[in-house]
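Novice: Please read through the structure below; I'll follow up with questions.
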Amino acid sequence: MSNDTITVEISGLEDVEKTLTDTTRKVAAKYLRKAMKAGALIIQDRIEQSAPVDTGFLSEHIKVAIDTKGDSASMTAHIGPAPQAYYGMFEEFGANGRPGLHFMEQAAIDTRDEVIQTFADTARNSLDDLKQASFKAEVEGA
């Protein structure tokens, strides 16, 4: 992959978008983090299944971290080896003249449609929770 970022734009969630723009940043971030994590867990599972196996340590140490950058409206899911399984990056990209296996990249590509659908479904299914949290934030802030 020439870039380590996959950007996805989802349409058809206008009701979710309206509720997100009408709520506080904190409530919106918590809600979106839930939907994003649901999708990221699918990629994590596929990476674990396709990781090269020697002892099984690498496949047991694939982690998901969701990061919100400062004041921007973006959120990033980092999915990959935990620090103690750093050598997974060598398996992915190659090292010492050995080509990379690109098993993590392929996992992201293979699950893309399922991840997008899971994100959208989780966002829709959690909309009532978001509205309640938004209302509660308004009441507490008033």
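The chains in the structure tokens are called A, B, ... from first to last as shown; in each chain the residues are counted from 1, and the ligands are counted from 1 in the order shown.
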From a DSSP pass on the backbone, collect the residues of chain A flagged as alpha helix (DSSP H) and hand them back as JSON, numbers by chain.
Specialist: {"A": [14, 15, 16, 17, 18, 19, 20, 21, 25, 26, 27, 28, 29, 30, 31, 32, 33, 34, 35, 36, 37, 38, 39, 40, 41, 42, 43, 44, 45, 46, 47, 48, 49, 50, 88, 89, 90, 91, 92, 93, 103, 104, 105, 106, 107, 108, 109, 110, 111, 112, 113, 114, 115, 116, 117, 118, 119, 120, 121, 122, 123, 124, 125, 127, 128, 129, 130, 131, 132, 133, 134, 135, 136, 137, 138, 139, 140, 141]}
Novice: Using only C-alpha atoms, pick whichever of A:Leu13, A:Thr19, A:Leu101, A:Gly80 has the shortest atom-to-atom distance to A:Asp128.
Specialist: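 Answer, going by the shortest atom-to-atom distance: A:Thr19.
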Novice: Quick one: residues within 9 Å of A:Arg46, only C-alpha atoms, excluding same-chain residues fewer than 6 positions away - as an NGL selection string?
Specialist: :A and (104 or 107-108 or 110-111)
Novice: Let's have the selection written as a PDB file, in the first residue's frame, with C-alpha atoms.
Specialist:
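Writing done, so here's selection38.pdb:
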```pdb
ATOM      1  CA  MET A 104      -2.076  -6.811   7.621  1.00  0.00           C
ATOM      2  CA  ALA A 107      -6.608  -8.162   5.995  1.00  0.00           C
ATOM      3  CA  ALA A 108      -7.723  -4.525   5.686  1.00  0.00           C
ATOM      4  CA  ASP A 110     -10.303  -8.238   2.424  1.00  0.00           C
ATOM      5  CA  THR A 111     -12.572  -6.940   5.190  1.00  0.00           C
TER       6      THR A 111
END
```
Novice: So how far away is atom CA of A:Lys37 from atom CA of A:Val64, in Å?
Specialist: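 These two atoms are separated by 7.7 Å.
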Novice: Considering only C-alpha atoms, return as a list in words whatever protein or nucleic-acid residues lie within 12 Å of A:Ala82, sequence-local ones (same chain, fewer than 4 positions apart) excluded.
Specialist: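 The residues that qualify are Gln44, Phe57, Leu58, Ser59, Glu60, His61, Ile62, Lys63, Val64, Ala65, His78, Tyr86, Tyr87, Gly88 and Met89 of chain A.
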Novice: So how far away is atom CA of A:Ala38 from atom CA of A:Leu130, in Å?
Specialist: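 One can read the atom CA of A:Leu130 to atom CA of A:Ala38 distance as 15.9 Å.
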Novice: Would you mind writing down, as a list in words, each residue of stretch 21-71 of chain A that DSSP on the backbone assigns to strand (DSSP E)?
Specialist: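 Going through stretch 21-71 of chain A, the strand (DSSP E) residues come out as Ile62, Lys63, Val64, Ala65, Ile66, Asp67 and Thr68 of chain A.
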Novice: Suppose we keep C-alpha atoms; can you now write the selection as a short mmCIF file (atom, residue, chain, number, x, y, z; two decimals), in the first residue's frame?
Specialist:
```
data_model
loop_
_atom_site.label_atom_id
_atom_site.label_comp_id
_atom_site.auth_asym_id
_atom_site.auth_seq_id
_atom_site.Cartn_x
_atom_site.Cartn_y
_atom_site.Cartn_z
CA ILE A 62 -2.50 -7.70 17.58
CA LYS A 63 -4.05 -4.63 19.22
CA VAL A 64 -6.55 -1.90 18.35
CA ALA A 65 -6.15 1.70 19.50
CA ILE A 66 -8.55 4.49 18.52
CA ASP A 67 -6.98 7.95 18.39
CA THR A 68 -8.75 11.32 18.20
#
```
Novice: Between A:Leu127, A:Val53, A:Leu41, A:Phe103, which residue has the minimum interatomic distance to A:Ala28, considering only C-alpha atoms?
Specialist: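 Among the listed residues, the smallest separation from A:Ala28 belongs to A:Leu127.
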Novice: Give me the residues near A:Val27 as a list in words, where near means some atom within 12 Å (using only C-alpha atoms) and where sequence neighbours in that chain fewer than 4 positions away do not count.
Specialist: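 Here the qualifying residues turn out to be Thr19, Leu20, Thr21, Asp22, Thr23, Tyr31, Leu32, Arg33, Lys34, Leu127, Asp129, Leu130, Lys131, Gln132, Ala133, Ser134, Phe135, Lys136, Ala137 and Glu138 of chain A.
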